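J.: Below is the file work_11.pdb, with PDB, C-alpha atoms.
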ATOM      1  CA  MET X   1     -24.062   9.280  10.679  1.00  0.00           C
ATOM      2  CA  SER X   2     -20.975   7.342   9.665  1.00  0.00           C
ATOM      3  CA  ARG X   3     -17.829   8.676  11.327  1.00  0.00           C
ATOM      4  CA  ILE X   4     -15.701   7.852   8.313  1.00  0.00           C
ATOM      5  CA  GLY X   5     -18.374   8.934   5.832  1.00  0.00           C
ATOM      6  CA  LYS X   6     -18.706  12.469   7.156  1.00  0.00           C
ATOM      7  CA  LYS X   7     -14.947  13.206   7.027  1.00  0.00           C
ATOM      8  CA  PRO X   8     -14.219  15.563   4.116  1.00  0.00           C
ATOM      9  CA  ILE X   9     -11.643  14.594   1.475  1.00  0.00           C
ATOM     10  CA  PRO X  10      -9.188  17.384   0.624  1.00  0.00           C
ATOM     11  CA  LEU X  11      -8.641  17.666  -3.129  1.00  0.00           C
ATOM     12  CA  PRO X  12      -5.047  18.751  -3.840  1.00  0.00           C
ATOM     13  CA  THR X  13      -4.386  20.980  -6.835  1.00  0.00           C
ATOM     14  CA  GLY X  14      -4.173  19.054 -10.080  1.00  0.00           C
ATOM     15  CA  VAL X  15      -6.663  16.365  -8.987  1.00  0.00           C
ATOM     16  CA  LYS X  16      -9.936  16.103 -10.925  1.00  0.00           C
ATOM     17  CA  TYR X  17     -12.775  13.655 -10.545  1.00  0.00           C
ATOM     18  CA  LYS X  18     -15.631  12.706 -12.844  1.00  0.00           C
ATOM     19  CA  VAL X  19     -18.692  10.710 -11.792  1.00  0.00           C
ATOM     20  CA  ASP X  20     -20.009   8.334 -14.453  1.00  0.00           C
ATOM     21  CA  GLY X  21     -22.976   6.283 -13.235  1.00  0.00           C
ATOM     22  CA  ASN X  22     -21.818   4.238 -10.249  1.00  0.00           C
ATOM     23  CA  THR X  23     -18.076   4.841 -10.759  1.00  0.00           C
ATOM     24  CA  VAL X  24     -15.834   7.832 -10.175  1.00  0.00           C
ATOM     25  CA  LEU X  25     -12.668   8.426 -12.208  1.00  0.00           C
ATOM     26  CA  VAL X  26      -9.988  10.315 -10.270  1.00  0.00           C
ATOM     27  CA  GLU X  27      -7.126  11.851 -12.286  1.00  0.00           C
ATOM     28  CA  GLY X  28      -3.939  13.262 -10.811  1.00  0.00           C
ATOM     29  CA  PRO X  29      -0.213  13.667 -11.380  1.00  0.00           C
ATOM     30  CA  LYS X  30       0.505   9.930 -10.874  1.00  0.00           C
ATOM     31  CA  GLY X  31      -2.242   8.610 -13.143  1.00  0.00           C
ATOM     32  CA  LYS X  32      -5.916   7.633 -13.163  1.00  0.00           C
ATOM     33  CA  VAL X  33      -7.845   5.466 -10.682  1.00  0.00           C
ATOM     34  CA  SER X  34     -11.508   4.494 -10.740  1.00  0.00           C
ATOM     35  CA  ALA X  35     -13.564   3.680  -7.640  1.00  0.00           C
ATOM     36  CA  MET X  36     -17.089   2.372  -7.150  1.00  0.00           C
ATOM     37  CA  ILE X  37     -19.842   4.580  -5.742  1.00  0.00           C
ATOM     38  CA  ALA X  38     -22.733   2.830  -4.035  1.00  0.00           C
ATOM     39  CA  GLU X  39     -26.335   3.593  -4.912  1.00  0.00           C
ATOM     40  CA  GLY X  40     -27.745   6.522  -2.946  1.00  0.00           C
ATOM     41  CA  ILE X  41     -24.326   8.142  -2.390  1.00  0.00           C
ATOM     42  CA  THR X  42     -23.424  11.472  -4.012  1.00  0.00           C
ATOM     43  CA  LEU X  43     -20.199  13.474  -4.255  1.00  0.00           C
ATOM     44  CA  GLU X  44     -20.008  17.257  -4.111  1.00  0.00           C
ATOM     45  CA  THR X  45     -17.150  19.736  -4.003  1.00  0.00           C
ATOM     46  CA  LYS X  46     -17.078  22.878  -1.846  1.00  0.00           C
ATOM     47  CA  ASP X  47     -13.958  25.089  -1.706  1.00  0.00           C
ATOM     48  CA  GLY X  48     -11.576  22.354  -2.892  1.00  0.00           C
ATOM     49  CA  ILE X  49     -12.941  19.791  -0.430  1.00  0.00           C
ATOM     50  CA  LEU X  50     -14.894  16.738  -1.547  1.00  0.00           C
ATOM     51  CA  HIS X  51     -17.900  15.719   0.565  1.00  0.00           C
ATOM     52  CA  VAL X  52     -19.557  12.295   0.387  1.00  0.00           C
ATOM     53  CA  ASN X  53     -23.290  12.498   1.123  1.00  0.00           C
ATOM     54  CA  ARG X  54     -26.080   9.934   1.299  1.00  0.00           C
ATOM     55  CA  LYS X  55     -29.779  10.301   0.522  1.00  0.00           C
ATOM     56  CA  ASP X  56     -31.105   8.701   3.720  1.00  0.00           C
ATOM     57  CA  ASP X  57     -30.227   6.166   6.415  1.00  0.00           C
ATOM     58  CA  LYS X  58     -31.083   3.264   4.126  1.00  0.00           C
ATOM     59  CA  PHE X  59     -27.637   3.749   2.503  1.00  0.00           C
ATOM     60  CA  ALA X  60     -25.706   4.123   5.774  1.00  0.00           C
ATOM     61  CA  ALA X  61     -23.857   0.823   5.352  1.00  0.00           C
ATOM     62  CA  TYR X  62     -22.181   2.067   2.154  1.00  0.00           C
ATOM     63  CA  HIS X  63     -21.474   5.641   3.251  1.00  0.00           C
ATOM     64  CA  GLY X  64     -18.124   5.023   4.966  1.00  0.00           C
ATOM     65  CA  LEU X  65     -17.073   2.426   2.383  1.00  0.00           C
ATOM     66  CA  THR X  66     -17.616   4.780  -0.534  1.00  0.00           C
ATOM     67  CA  ARG X  67     -15.755   7.601   1.211  1.00  0.00           C
ATOM     68  CA  ALA X  68     -12.807   5.288   1.946  1.00  0.00           C
ATOM     69  CA  LEU X  69     -12.650   4.083  -1.670  1.00  0.00           C
ATOM     70  CA  VAL X  70     -12.687   7.635  -3.043  1.00  0.00           C
ATOM     71  CA  PHE X  71     -10.099   8.796  -0.465  1.00  0.00           C
ATOM     72  CA  ASN X  72      -7.770   5.907  -1.397  1.00  0.00           C
ATOM     73  CA  ALA X  73      -8.150   6.794  -5.079  1.00  0.00           C
ATOM     74  CA  VAL X  74      -7.269  10.457  -4.386  1.00  0.00           C
ATOM     75  CA  GLN X  75      -4.252   9.425  -2.309  1.00  0.00           C
ATOM     76  CA  GLY X  76      -3.124   6.968  -4.995  1.00  0.00           C
ATOM     77  CA  VAL X  77      -3.026   9.591  -7.750  1.00  0.00           C
ATOM     78  CA  THR X  78      -1.264  12.211  -5.608  1.00  0.00           C
ATOM     79  CA  LYS X  79       1.217  10.535  -3.217  1.00  0.00           C
ATOM     80  CA  GLY X  80       1.172   6.966  -4.488  1.00  0.00           C
ATOM     81  CA  TRP X  81       1.684   3.923  -2.257  1.00  0.00           C
ATOM     82  CA  THR X  82       4.859   2.765  -0.534  1.00  0.00           C
ATOM     83  CA  LYS X  83       6.077  -0.340   1.285  1.00  0.00           C
ATOM     84  CA  GLU X  84       9.368  -0.568   3.145  1.00  0.00           C
ATOM     85  CA  LEU X  85      11.471  -3.700   3.540  1.00  0.00           C
ATOM     86  CA  ASP X  86      14.415  -4.296   5.878  1.00  0.00           C
ATOM     87  CA  ILE X  87      17.180  -6.747   5.014  1.00  0.00           C
ATOM     88  CA  VAL X  88      18.788  -8.058   8.201  1.00  0.00           C
ATOM     89  CA  GLY X  89      21.835 -10.325   8.268  1.00  0.00           C
ATOM     90  CA  ILE X  90      25.581 -10.214   7.715  1.00  0.00           C
ATOM     91  CA  GLY X  91      26.280 -10.006   3.997  1.00  0.00           C
ATOM     92  CA  TYR X  92      22.598  -9.690   3.031  1.00  0.00           C
ATOM     93  CA  ARG X  93      22.061  -6.821   0.621  1.00  0.00           C
ATOM     94  CA  ALA X  94      20.111  -5.557  -2.378  1.00  0.00           C
ATOM     95  CA  GLU X  95      21.246  -3.425  -5.290  1.00  0.00           C
ATOM     96  CA  LEU X  96      19.721  -1.989  -8.452  1.00  0.00           C
ATOM     97  CA  LYS X  97      20.920  -3.461 -11.741  1.00  0.00           C
ATOM     98  CA  GLY X  98      19.940  -1.082 -14.486  1.00  0.00           C
ATOM     99  CA  LYS X  99      16.464   0.373 -14.130  1.00  0.00           C
ATOM    100  CA  GLY X 100      14.244  -2.684 -14.110  1.00  0.00           C
ATOM    101  CA  THR X 101      16.014  -5.295 -11.947  1.00  0.00           C
ATOM    102  CA  VAL X 102      16.879  -5.658  -8.260  1.00  0.00           C
ATOM    103  CA  VAL X 103      19.668  -8.094  -7.327  1.00  0.00           C
ATOM    104  CA  PHE X 104      19.508  -9.696  -3.867  1.00  0.00           C
ATOM    105  CA  THR X 105      22.403 -11.386  -2.091  1.00  0.00           C
ATOM    106  CA  LEU X 106      20.760 -13.351   0.731  1.00  0.00           C
ATOM    107  CA  GLY X 107      23.183 -16.072   1.782  1.00  0.00           C
ATOM    108  CA  TYR X 108      22.379 -18.502  -1.014  1.00  0.00           C
ATOM    109  CA  SER X 109      25.039 -19.788  -3.394  1.00  0.00           C
ATOM    110  CA  HIS X 110      23.809 -17.414  -6.099  1.00  0.00           C
ATOM    111  CA  PRO X 111      22.434 -13.874  -6.331  1.00  0.00           C
ATOM    112  CA  ILE X 112      18.696 -13.568  -7.013  1.00  0.00           C
ATOM    113  CA  GLU X 113      17.513 -11.176  -9.729  1.00  0.00           C
ATOM    114  CA  VAL X 114      13.960  -9.815  -9.447  1.00  0.00           C
ATOM    115  CA  PRO X 115      12.546  -8.013 -12.520  1.00  0.00           C
ATOM    116  CA  LEU X 116      10.342  -5.025 -11.683  1.00  0.00           C
ATOM    117  CA  PRO X 117       6.905  -4.566 -13.258  1.00  0.00           C
ATOM    118  CA  SER X 118       6.219  -1.305 -15.065  1.00  0.00           C
ATOM    119  CA  GLY X 119       5.076   1.530 -12.807  1.00  0.00           C
ATOM    120  CA  ILE X 120       7.069   0.320  -9.786  1.00  0.00           C
ATOM    121  CA  ASP X 121      10.007   2.441  -8.688  1.00  0.00           C
ATOM    122  CA  VAL X 122      12.684   1.186  -6.300  1.00  0.00           C
ATOM    123  CA  ALA X 123      14.973   3.155  -4.053  1.00  0.00           C
ATOM    124  CA  ILE X 124      17.561   0.985  -2.381  1.00  0.00           C
ATOM    125  CA  ASP X 125      17.229   1.733   1.150  1.00  0.00           C
ATOM    126  CA  PRO X 126      14.750  -1.020   0.581  1.00  0.00           C
ATOM    127  CA  LYS X 127      11.320   0.325  -0.391  1.00  0.00           C
ATOM    128  CA  LYS X 128       8.556  -1.387  -2.437  1.00  0.00           C
ATOM    129  CA  VAL X 129       4.840  -1.756  -2.999  1.00  0.00           C
ATOM    130  CA  GLY X 130       2.323  -4.530  -2.213  1.00  0.00           C
ATOM    131  CA  GLN X 131       2.678  -7.815  -4.074  1.00  0.00           C
ATOM    132  CA  VAL X 132       6.164  -6.935  -5.326  1.00  0.00           C
ATOM    133  CA  ALA X 133       7.268  -6.378  -1.716  1.00  0.00           C
ATOM    134  CA  ALA X 134       5.704  -9.694  -0.687  1.00  0.00           C
ATOM    135  CA  ASP X 135       7.529 -11.478  -3.503  1.00  0.00           C
ATOM    136  CA  MET X 136      10.841  -9.970  -2.408  1.00  0.00           C
ATOM    137  CA  ARG X 137      10.161 -10.854   1.240  1.00  0.00           C
ATOM    138  CA  SER X 138       9.464 -14.459   0.251  1.00  0.00           C
ATOM    139  CA  LEU X 139      13.020 -14.809  -1.104  1.00  0.00           C
ATOM    140  CA  ARG X 140      14.330 -15.068   2.476  1.00  0.00           C
ATOM    141  CA  LYS X 141      11.620 -14.836   5.138  1.00  0.00           C
ATOM    142  CA  PRO X 142      12.724 -13.814   8.639  1.00  0.00           C
ATOM    143  CA  ASP X 143      14.208 -16.722  10.574  1.00  0.00           C
ATOM    144  CA  PRO X 144      12.244 -17.285  13.824  1.00  0.00           C
ATOM    145  CA  TYR X 145      15.420 -18.050  15.820  1.00  0.00           C
ATOM    146  CA  LYS X 146      17.797 -15.282  14.722  1.00  0.00           C
ATOM    147  CA  ASN X 147      15.330 -12.880  13.006  1.00  0.00           C
ATOM    148  CA  LYS X 148      17.614 -12.700   9.950  1.00  0.00           C
ATOM    149  CA  GLY X 149      16.125 -12.251   6.486  1.00  0.00           C
ATOM    150  CA  VAL X 150      13.950  -9.782   4.575  1.00  0.00           C
ATOM    151  CA  ARG X 151      11.081  -8.248   6.512  1.00  0.00           C
ATOM    152  CA  TYR X 152       8.763  -5.259   6.449  1.00  0.00           C
ATOM    153  CA  SER X 153       9.977  -2.209   8.371  1.00  0.00           C
ATOM    154  CA  ASN X 154       6.942  -2.151  10.652  1.00  0.00           C
ATOM    155  CA  GLU X 155       6.737  -5.959  11.090  1.00  0.00           C
ATOM    156  CA  LYS X 156       6.835  -7.283  14.655  1.00  0.00           C
ATOM    157  CA  LEU X 157       8.678 -10.590  14.992  1.00  0.00           C
ATOM    158  CA  LYS X 158       8.657 -13.010  17.905  1.00  0.00           C
ATOM    159  CA  LYS X 159      12.029 -14.564  18.508  1.00  0.00           C
ATOM    160  CA  LYS X 160      11.775 -18.248  19.399  1.00  0.00           C
ATOM    161  CA  ALA X 161      13.949 -19.825  22.058  1.00  0.00           C
ATOM    162  CA  GLY X 162      16.428 -22.374  20.732  1.00  0.00           C
ATOM    163  CA  LYS X 163      17.107 -25.907  22.013  1.00  0.00           C
ATOM    164  CA  THR X 164      18.643 -24.710  25.275  1.00  0.00           C
ATOM    165  CA  GLY X 165      15.871 -22.198  26.005  1.00  0.00           C
ATOM    166  CA  ALA X 166      13.174 -24.862  26.345  1.00  0.00           C
ATOM    167  CA  LYS X 167      14.136 -25.927  29.911  1.00  0.00           C
TER     168      LYS X 167
END
Output the file's structure in the form of structure tokens.
T.:
Amino acid sequence: MSRIGKKPIPLPTGVKYKVDGNTVLVEGPKGKVSAMIAEGITLETKDGILHVNRKDDKFAAYHGLTRALVFNAVQGVTKGWTKELDIVGIGYRAELKGKGTVVFTLGYSHPIEVPLPSGIDVAIDPKKVGQVAADMRSLRKPDPYKNKGVRYSNEKLKKKAGKTGAK
């Protein structure tokens, strides 16, 4: 039995799901997300907990995958997804301009304005999601010698030795 596949998925209040063929539509307070369900996999609810079951061992390869996809959909409509960025360096900062733009000051001769797509919220104590966070990080990637720049909060950086450290 799949270790991931047999873990139950808690369904918080306000979350509903509907199976339609080989897809499941999960609705919650933050929106709607659809996920694929593999052939031979069924979903059933007992006491507010969602169980992912398979018909027989022929579908074992998809058991854990389907459970992970449904779990991610449930988490997406309840908590949402977050990414955290750190801005390191003297004078480097970010600030919100209105509701849909973040202005970065990163040591260039000009400030950089990044428009936010709809559905993305920013709290400056730098936090972002996925591709938007990667785009912001690419404005000033961490320097390998001083580790200055924009980086993810959980990112591990290796500091390189300079010219004098090579002896």
J.: Please expand the PyMOL selection byres ((chain X and resi 149) around 8) into the concrete residues it hits in this file, giving the result as a PyMOL selection string.
T.: chain X and resi 87-89+92+106+140-143+147-148+150-151
J.: What gap, in Å, lies between CA of Glu39 (chain X) and CA of Lys58 (chain X)?
T.: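 It comes out at 10.2 Å.
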J.: Using the chain letters and numbering of this document, enumerate as a PyMOL selection string the residues selected by the PyMOL selection byres ((chain X and resi 42) around 9).
T.: chain X and resi 37-41+43-44+51-55
J.: Mind pulling up the distance from CA of Phe71 (chain X) to CA of Met136 (chain X)?
T.: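 So the two atoms, CA of Met136 (chain X) and CA of Phe71 (chain X), lie 28.2 Å apart.
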J.: How many Å lie between CA of Thr66 (chain X) and CA of Lys46 (chain X), rounded to one decimal?
T.: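 Answer for the CA of Thr66 (chain X) to CA of Lys46 (chain X) separation: 18.2 Å.
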J.: Apply the PyMOL selection byres ((chain X and resi 118) around 12) to the displayed file and report the matching residues as a PDB file with C-alpha atoms, keeping the file's coordinate frame.
T.:
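File written: result.pdb
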ATOM      1  CA  LYS X  99      16.464   0.373 -14.130  1.00  0.00           C
ATOM      2  CA  GLY X 100      14.244  -2.684 -14.110  1.00  0.00           C
ATOM      3  CA  THR X 101      16.014  -5.295 -11.947  1.00  0.00           C
ATOM      4  CA  PRO X 115      12.546  -8.013 -12.520  1.00  0.00           C
ATOM      5  CA  LEU X 116      10.342  -5.025 -11.683  1.00  0.00           C
ATOM      6  CA  PRO X 117       6.905  -4.566 -13.258  1.00  0.00           C
ATOM      7  CA  GLY X 119       5.076   1.530 -12.807  1.00  0.00           C
ATOM      8  CA  ILE X 120       7.069   0.320  -9.786  1.00  0.00           C
ATOM      9  CA  ASP X 121      10.007   2.441  -8.688  1.00  0.00           C
ATOM     10  CA  VAL X 122      12.684   1.186  -6.300  1.00  0.00           C
ATOM     11  CA  VAL X 132       6.164  -6.935  -5.326  1.00  0.00           C
TER      12      VAL X 132
END
J.: Where's the centre, and what are the edge lengths in Å to one decimal, of a box along x, y and z enclosing all listed atoms of region 1-18 of chain X padded 3 Å per side, as JSON?
T.:
{"center_x": -14.1, "center_y": 14.2, "center_z": -0.8, "size_x": 25.9, "size_y": 19.6, "size_z": 30.2}
J.: Got a sec to check which residues sit within 7 Å of (-17.6, 6.7, -7.1), counting all atoms listed in the file, and write them as a ChimeraX atom specification?
T.: /X:19,22-24,35-37,66,70
